[in-house]
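With mmCIF, C-alpha atoms inside, this is my_file_5.cif:
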```cif
data_work
loop_
_atom_site.label_atom_id
_atom_site.label_comp_id
_atom_site.auth_asym_id
_atom_site.auth_seq_id
_atom_site.Cartn_x
_atom_site.Cartn_y
_atom_site.Cartn_z
CA MET A 207 -22.58 -9.61 30.61
CA ARG A 208 -24.23 -8.50 33.82
CA ILE A 209 -26.75 -5.72 34.34
CA LEU A 210 -25.66 -3.10 36.86
CA SER A 211 -27.90 -2.81 39.93
CA ILE A 212 -28.60 0.11 42.24
CA PHE A 213 -28.19 -2.32 45.13
CA ASN A 214 -24.44 -2.25 44.48
CA LYS A 215 -22.94 1.13 45.51
CA LYS A 216 -20.33 1.20 42.73
CA ASP A 217 -22.95 0.26 40.11
CA GLU A 218 -25.35 2.92 41.35
CA GLN A 219 -22.66 5.62 41.12
CA PHE A 220 -22.02 4.61 37.50
CA LEU A 221 -25.75 4.48 36.64
CA ARG A 222 -26.22 8.00 37.98
CA GLN A 223 -23.58 9.54 35.70
CA LYS A 224 -24.55 11.22 32.45
CA THR A 225 -23.35 9.23 29.43
CA ALA A 226 -21.08 10.49 26.65
CA GLU A 227 -22.07 11.11 23.04
CA VAL A 228 -20.96 8.51 20.53
CA ILE A 229 -18.46 10.13 18.15
CA ASN A 230 -18.46 7.47 15.44
CA PRO A 231 -21.71 5.45 15.22
CA GLN A 232 -20.21 3.48 12.31
CA ASP A 233 -17.48 1.99 14.52
CA PRO A 234 -17.85 -1.83 14.41
CA ALA A 235 -17.57 -1.88 18.21
CA ILE A 236 -20.84 0.10 18.41
CA ARG A 237 -22.65 -2.46 16.21
CA GLU A 238 -21.27 -5.23 18.41
CA LEU A 239 -22.39 -3.39 21.56
CA ILE A 240 -25.92 -2.94 20.20
CA ASP A 241 -26.11 -6.66 19.37
CA THR A 242 -24.92 -7.49 22.88
CA MET A 243 -27.44 -5.08 24.41
CA ARG A 244 -30.30 -6.68 22.46
CA ASN A 245 -29.23 -10.14 23.63
CA VAL A 246 -28.96 -9.03 27.27
CA MET A 247 -32.35 -7.27 27.08
CA GLU A 248 -34.07 -10.34 25.60
CA LYS A 249 -32.36 -12.77 27.99
CA ASN A 250 -33.63 -10.69 30.92
CA GLN A 251 -37.11 -10.19 29.41
CA GLY A 252 -36.77 -6.42 29.25
CA VAL A 253 -38.35 -3.98 26.80
CA GLY A 254 -35.42 -1.57 26.81
CA LEU A 255 -31.79 -1.33 27.85
CA ALA A 256 -29.39 1.60 28.03
CA ALA A 257 -25.65 1.11 27.48
CA ASN A 258 -24.79 2.30 30.98
CA GLN A 259 -26.90 -0.52 32.43
CA ILE A 260 -24.20 -2.92 31.24
CA GLY A 261 -21.28 -0.70 32.20
CA LYS A 262 -20.76 1.24 28.94
CA PRO A 263 -20.72 5.06 29.30
CA TRP A 264 -22.23 5.89 25.87
CA ARG A 265 -25.53 7.45 24.77
CA ILE A 266 -27.04 4.31 23.27
CA PHE A 267 -30.22 2.42 24.03
CA VAL A 268 -32.15 -0.45 22.50
CA ALA A 269 -35.84 -1.22 22.85
CA GLU A 270 -38.39 -3.70 21.62
CA TYR A 271 -42.12 -3.17 21.52
CA GLN A 272 -44.85 -4.98 19.59
CA ASN A 273 -42.31 -6.95 17.56
CA GLN A 274 -40.46 -3.79 16.53
CA SER A 275 -36.82 -3.41 17.45
CA PHE A 276 -35.17 -0.03 17.97
CA ALA A 277 -31.58 1.13 18.44
CA PHE A 278 -30.83 4.78 19.22
CA ILE A 279 -27.41 6.33 19.17
CA ASN A 280 -27.21 9.80 20.77
CA PRO A 281 -30.99 9.99 21.35
CA LYS A 282 -32.67 13.25 22.23
CA ILE A 283 -36.32 13.96 22.96
CA ILE A 284 -37.06 17.05 20.89
CA LYS A 285 -40.78 17.46 21.46
CA HIS A 286 -43.43 16.24 23.91
CA SER A 287 -47.12 16.60 24.60
CA ARG A 288 -48.52 18.50 27.53
CA LYS A 289 -50.52 15.46 28.53
CA VAL A 290 -48.86 13.26 31.14
CA ASN A 291 -49.92 9.72 32.07
CA LEU A 292 -49.22 7.77 35.22
CA ALA A 293 -48.33 4.09 34.84
CA GLU A 294 -46.31 1.40 36.53
CA GLU A 295 -42.70 0.86 35.52
CA GLY A 296 -39.95 -1.48 36.50
CA CYS A 297 -36.29 -1.64 35.57
CA LEU A 298 -33.68 -4.33 35.09
CA SER A 299 -31.27 -2.24 37.20
CA VAL A 300 -33.80 -1.90 40.04
CA PRO A 301 -34.90 -5.50 40.56
CA ARG A 302 -38.10 -6.30 42.48
CA ILE A 303 -39.20 -2.65 42.65
CA VAL A 304 -42.12 -1.21 40.67
CA GLY A 305 -43.24 2.41 40.69
CA VAL A 306 -45.99 4.65 39.38
CA VAL A 307 -44.22 7.15 37.13
CA PRO A 308 -45.51 10.21 35.25
CA ARG A 309 -44.43 10.34 31.59
CA TYR A 310 -45.43 12.43 28.59
CA ASP A 311 -48.13 10.71 26.54
CA LYS A 312 -46.50 11.62 23.20
CA ILE A 313 -42.94 12.45 22.23
CA VAL A 314 -40.75 13.00 19.20
CA ILE A 315 -37.31 11.51 19.63
CA GLU A 316 -34.36 11.75 17.29
CA GLY A 317 -31.19 9.76 17.14
CA ARG A 318 -28.62 8.29 14.80
CA ASP A 319 -28.47 4.82 13.32
CA LEU A 320 -25.45 2.60 12.71
CA ASN A 321 -24.80 4.44 9.43
CA ASN A 322 -24.71 7.76 11.32
CA LYS A 323 -27.96 8.78 9.62
CA LYS A 324 -30.26 10.99 11.70
CA PHE A 325 -33.83 9.76 12.18
CA LYS A 326 -36.93 10.80 14.14
CA ILE A 327 -39.75 8.75 15.59
CA LYS A 328 -43.10 9.97 16.89
CA ALA A 329 -44.14 7.73 19.75
CA SER A 330 -47.13 7.61 22.05
CA GLY A 331 -48.36 5.53 24.94
CA MET A 332 -46.17 2.63 26.04
CA LEU A 333 -43.55 3.18 23.32
CA ALA A 334 -43.13 6.83 24.38
CA ARG A 335 -42.81 5.63 27.99
CA ILE A 336 -40.07 3.14 27.08
CA PHE A 337 -38.12 5.75 25.12
CA GLN A 338 -38.37 8.28 27.98
CA HIS A 339 -37.29 5.67 30.55
CA GLU A 340 -34.21 4.72 28.50
CA THR A 341 -33.30 8.34 27.69
CA ASP A 342 -33.47 9.11 31.41
CA HIS A 343 -30.96 6.29 32.03
CA LEU A 344 -28.54 8.00 29.66
CA ASP A 345 -28.90 11.19 31.72
CA GLY A 346 -28.22 9.35 34.99
CA ILE A 347 -31.88 9.41 36.06
CA LEU A 348 -33.65 6.30 37.34
CA PHE A 349 -37.40 5.72 37.34
CA ILE A 350 -37.35 5.60 41.15
CA ASP A 351 -36.29 9.29 41.10
CA LYS A 352 -39.56 10.23 39.35
CA ALA A 353 -41.94 7.67 40.86
CA LYS A 354 -44.96 8.88 42.82
CA GLU A 355 -45.24 5.51 44.59
CA LEU A 356 -42.87 2.55 44.89
CA TYR A 357 -43.72 -1.08 45.62
CA GLN A 358 -41.58 -4.10 46.33
CA VAL A 359 -42.58 -7.20 44.39
CA LYS A 360 -41.71 -10.79 45.07
CA SER A 361 -39.55 -12.68 42.64
CA SER A 362 -41.02 -15.69 40.88
CA LYS A 363 -38.25 -17.71 42.58
CA ASN A 364 -39.97 -17.35 45.99
CA ASP A 365 -37.20 -15.30 47.58
#
```

Kindly transcribe the structure held in the file into structure tokens.
Amino acid sequence: MRILSIFNKKDEQFLRQKTAEVINPQDPAIRELIDTMRNVMEKNQGVGLAANQIGKPWRIFVAEYQNQSFAFINPKIIKHSRKVNLAEEGCLSVPRIVGVVPRYDKIVIEGRDLNNKKFKIKASGMLARIFQHETDHLDGILFIDKAKELYQVKSSKND
């Protein structure tokens, strides 16, 4: 499965659309999609991946941070701190570009699991940044839209 890239016009149009709520999180196809997303994320050495990055129009993202794995269905940030931090971010859908992006230092995010059970997580620092980045994807927003500065980086393949 390929990751959509903003350097392809059709892909970018899709990435910039708001995703649809998942009606039945218990659908076996959703479990299969989340497994696929985790595999794609790991294969590409990412820390998060939204469903629309692989061409699926649903409000789902996966993330991994400090050996913890997360899967959110219909995520929503319900609370955030006033404090904002600037830090560099990259994105699998925006290869070879890094930007300095402002994000809330702390957030509370809720979502549903594969059993359709609602849950909340309080996150801060890097984990909060990952969750905000992926939630933005689901709203059709890319990190380059919020970045204060953007840099092009060379690939390790000397291209």

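Closest to Phe337 (chain A) among A:Gln358, A:Thr242, A:Val253, A:Asn230 is A:Val253, based on only C-alpha atoms.
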
Neighbours of Asn322 (chain A) within 12 Å (only C-alpha atoms; same-chain residues fewer than 3 positions away dropped), as a VMD selection string? chain A and resid 228 to 233 236 to 237 277 to 280 317 to 319 325

Matched chain/residue IDs from the PyMOL selection byres ((chain A and resi 310) around 12), as a list in words: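 Checked against the file, the PyMOL selection byres ((chain A and resi 310) around 12) matches Ile283, Lys285, His286, Ser287, Arg288, Lys289, Val290, Asn291, Leu292, Ala293, Val307, Pro308, Arg309, Asp311, Lys312, Ile313, Val314, Ala329, Ser330, Gly331, Met332, Leu333, Ala334, Arg335, Ile336, Phe337, Gln338 and His339 of chain A.
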
Take the residues just selected and output them with C-alpha atoms as a tab-separated table (two decimals), in the frame of the given file.
```tsv
chain	number	residue	atom	x	y	z
A	283	ILE	CA	-36.32	13.96	22.96
A	285	LYS	CA	-40.78	17.46	21.46
A	286	HIS	CA	-43.43	16.24	23.91
A	287	SER	CA	-47.12	16.60	24.60
A	288	ARG	CA	-48.52	18.50	27.53
A	289	LYS	CA	-50.52	15.46	28.53
A	290	VAL	CA	-48.86	13.26	31.14
A	291	ASN	CA	-49.92	9.72	32.07
A	292	LEU	CA	-49.22	7.77	35.22
A	293	ALA	CA	-48.33	4.09	34.84
A	307	VAL	CA	-44.22	7.15	37.13
A	308	PRO	CA	-45.51	10.21	35.25
A	309	ARG	CA	-44.43	10.34	31.59
A	311	ASP	CA	-48.13	10.71	26.54
A	312	LYS	CA	-46.50	11.62	23.20
A	313	ILE	CA	-42.94	12.45	22.23
A	314	VAL	CA	-40.75	13.00	19.20
A	329	ALA	CA	-44.14	7.73	19.75
A	330	SER	CA	-47.13	7.61	22.05
A	331	GLY	CA	-48.36	5.53	24.94
A	332	MET	CA	-46.17	2.63	26.04
A	333	LEU	CA	-43.55	3.18	23.32
A	334	ALA	CA	-43.13	6.83	24.38
A	335	ARG	CA	-42.81	5.63	27.99
A	336	ILE	CA	-40.07	3.14	27.08
A	337	PHE	CA	-38.12	5.75	25.12
A	338	GLN	CA	-38.37	8.28	27.98
A	339	HIS	CA	-37.29	5.67	30.55
```

Record the distance separating CA of Asp351 (chain A) and CA of Lys262 (chain A), expressed in Å with one decimal.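 Computing the Euclidean distance for CA of Asp351 (chain A) and CA of Lys262 (chain A) yields 21.3 Å.
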
Just so the selection is clear, what residues does the PyMOL selection byres ((chain A and resi 268) around 7) cover here, as a VMD selection string? chain A and resid 243 to 244 254 to 256 267 269 276 to 278

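Considering only C-alpha atoms, the residue among A:Asp217, A:Glu295, A:Asp241, A:Glu248 positioned nearest to Leu320 (chain A) is A:Asp241.
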
In Å and to one decimal, CA of Gly252 (chain A) is distant from CA of Ala226 (chain A) by 23.2 Å

Answer as a list of chain:residue names, residues within 12 Å of (-24.5, 2.0, 41.1) using only C-alpha atoms: A:Ile209, A:Leu210, A:Ser211, A:Ile212, A:Phe213, A:Asn214, A:Lys215, A:Lys216, A:Asp217, A:Glu218, A:Gln219, A:Phe220, A:Leu221, A:Arg222, A:Gln223, A:Asn258, A:Gln259, A:Ile260, A:Gly261, A:Ser299, A:Val300, A:His343, A:Gly346, A:Ile347, A:Leu348

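You can rank A:Pro301, A:Pro281, A:Pro234, A:Gly296 by their closest distance to Ala353 (chain A) using all atoms listed in the file, and at the top of that list sits A:Gly296.
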
Quick one: pull the distance between CA of Glu316 (chain A) and CA of Ile284 (chain A), Å, one decimal.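 Here the two named atoms are 7.0 Å from each other.
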
All file atoms of region 311-327 of chain A boxed axis-aligned, 6 Å per side, centre plus edges, as lines of an AutoDock Vina configuration file:
```
center_x = -36.4
center_y = 7.8
center_z = 18.0
size_x = 35.4
size_y = 22.4
size_z = 29.1
```

Restricting to only C-alpha atoms, whichever of A:Lys326, A:Lys224, A:Lys249, A:Lys354 is closest to Val306 (chain A) is A:Lys354

Put region 329-348 of chain A into a file with N, CA and C atoms, as a PDB file, in the first residue's frame.
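The new file selection_31.pdb reads:
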```
ATOM      1  N   ALA A 329      -2.254  13.862  26.934  1.00  0.00           N
ATOM      2  CA  ALA A 329      -0.927  13.751  26.330  1.00  0.00           C
ATOM      3  C   ALA A 329      -0.202  15.090  26.427  1.00  0.00           C
ATOM      4  N   SER A 330       1.105  15.008  26.540  1.00  0.00           N
ATOM      5  CA  SER A 330       1.915  16.227  26.559  1.00  0.00           C
ATOM      6  C   SER A 330       3.166  16.009  25.721  1.00  0.00           C
ATOM      7  N   GLY A 331       3.843  17.107  25.429  1.00  0.00           N
ATOM      8  CA  GLY A 331       5.096  17.029  24.697  1.00  0.00           C
ATOM      9  C   GLY A 331       4.960  16.390  23.328  1.00  0.00           C
ATOM     10  N   MET A 332       5.885  15.481  23.041  1.00  0.00           N
ATOM     11  CA  MET A 332       5.942  14.845  21.717  1.00  0.00           C
ATOM     12  C   MET A 332       4.680  14.045  21.406  1.00  0.00           C
ATOM     13  N   LEU A 333       4.135  13.330  22.386  1.00  0.00           N
ATOM     14  CA  LEU A 333       2.926  12.547  22.140  1.00  0.00           C
ATOM     15  C   LEU A 333       1.758  13.467  21.769  1.00  0.00           C
ATOM     16  N   ALA A 334       1.620  14.586  22.462  1.00  0.00           N
ATOM     17  CA  ALA A 334       0.566  15.554  22.115  1.00  0.00           C
ATOM     18  C   ALA A 334       0.780  16.078  20.698  1.00  0.00           C
ATOM     19  N   ARG A 335       2.032  16.318  20.330  1.00  0.00           N
ATOM     20  CA  ARG A 335       2.362  16.802  18.987  1.00  0.00           C
ATOM     21  C   ARG A 335       1.951  15.778  17.927  1.00  0.00           C
ATOM     22  N   ILE A 336       2.268  14.517  18.159  1.00  0.00           N
ATOM     23  CA  ILE A 336       1.901  13.458  17.205  1.00  0.00           C
ATOM     24  C   ILE A 336       0.394  13.392  17.030  1.00  0.00           C
ATOM     25  N   PHE A 337      -0.331  13.392  18.152  1.00  0.00           N
ATOM     26  CA  PHE A 337      -1.796  13.306  18.082  1.00  0.00           C
ATOM     27  C   PHE A 337      -2.389  14.504  17.342  1.00  0.00           C
ATOM     28  N   GLN A 338      -1.852  15.711  17.571  1.00  0.00           N
ATOM     29  CA  GLN A 338      -2.361  16.897  16.880  1.00  0.00           C
ATOM     30  C   GLN A 338      -2.055  16.828  15.384  1.00  0.00           C
ATOM     31  N   HIS A 339      -0.862  16.376  15.030  1.00  0.00           N
ATOM     32  CA  HIS A 339      -0.473  16.240  13.626  1.00  0.00           C
ATOM     33  C   HIS A 339      -1.429  15.295  12.901  1.00  0.00           C
ATOM     34  N   GLU A 340      -1.705  14.136  13.518  1.00  0.00           N
ATOM     35  CA  GLU A 340      -2.570  13.142  12.873  1.00  0.00           C
ATOM     36  C   GLU A 340      -4.025  13.608  12.827  1.00  0.00           C
ATOM     37  N   THR A 341      -4.491  14.270  13.867  1.00  0.00           N
ATOM     38  CA  THR A 341      -5.863  14.803  13.868  1.00  0.00           C
ATOM     39  C   THR A 341      -6.009  15.860  12.776  1.00  0.00           C
ATOM     40  N   ASP A 342      -4.989  16.683  12.600  1.00  0.00           N
ATOM     41  CA  ASP A 342      -5.015  17.663  11.510  1.00  0.00           C
ATOM     42  C   ASP A 342      -5.184  16.961  10.164  1.00  0.00           C
ATOM     43  N   HIS A 343      -4.451  15.859   9.955  1.00  0.00           N
ATOM     44  CA  HIS A 343      -4.593  15.116   8.697  1.00  0.00           C
ATOM     45  C   HIS A 343      -6.060  14.784   8.432  1.00  0.00           C
ATOM     46  N   LEU A 344      -6.744  14.333   9.472  1.00  0.00           N
ATOM     47  CA  LEU A 344      -8.140  13.913   9.317  1.00  0.00           C
ATOM     48  C   LEU A 344      -9.062  15.085   8.986  1.00  0.00           C
ATOM     49  N   ASP A 345      -8.581  16.302   9.270  1.00  0.00           N
ATOM     50  CA  ASP A 345      -9.338  17.509   8.941  1.00  0.00           C
ATOM     51  C   ASP A 345      -8.846  18.155   7.641  1.00  0.00           C
ATOM     52  N   GLY A 346      -7.966  17.459   6.923  1.00  0.00           N
ATOM     53  CA  GLY A 346      -7.467  17.972   5.648  1.00  0.00           C
ATOM     54  C   GLY A 346      -6.386  19.031   5.789  1.00  0.00           C
ATOM     55  N   ILE A 347      -5.748  19.085   6.959  1.00  0.00           N
ATOM     56  CA  ILE A 347      -4.714  20.085   7.235  1.00  0.00           C
ATOM     57  C   ILE A 347      -3.358  19.384   7.280  1.00  0.00           C
ATOM     58  N   LEU A 348      -2.382  19.949   6.594  1.00  0.00           N
ATOM     59  CA  LEU A 348      -1.031  19.405   6.598  1.00  0.00           C
ATOM     60  C   LEU A 348      -0.114  20.282   7.446  1.00  0.00           C
TER      61      LEU A 348
END
```
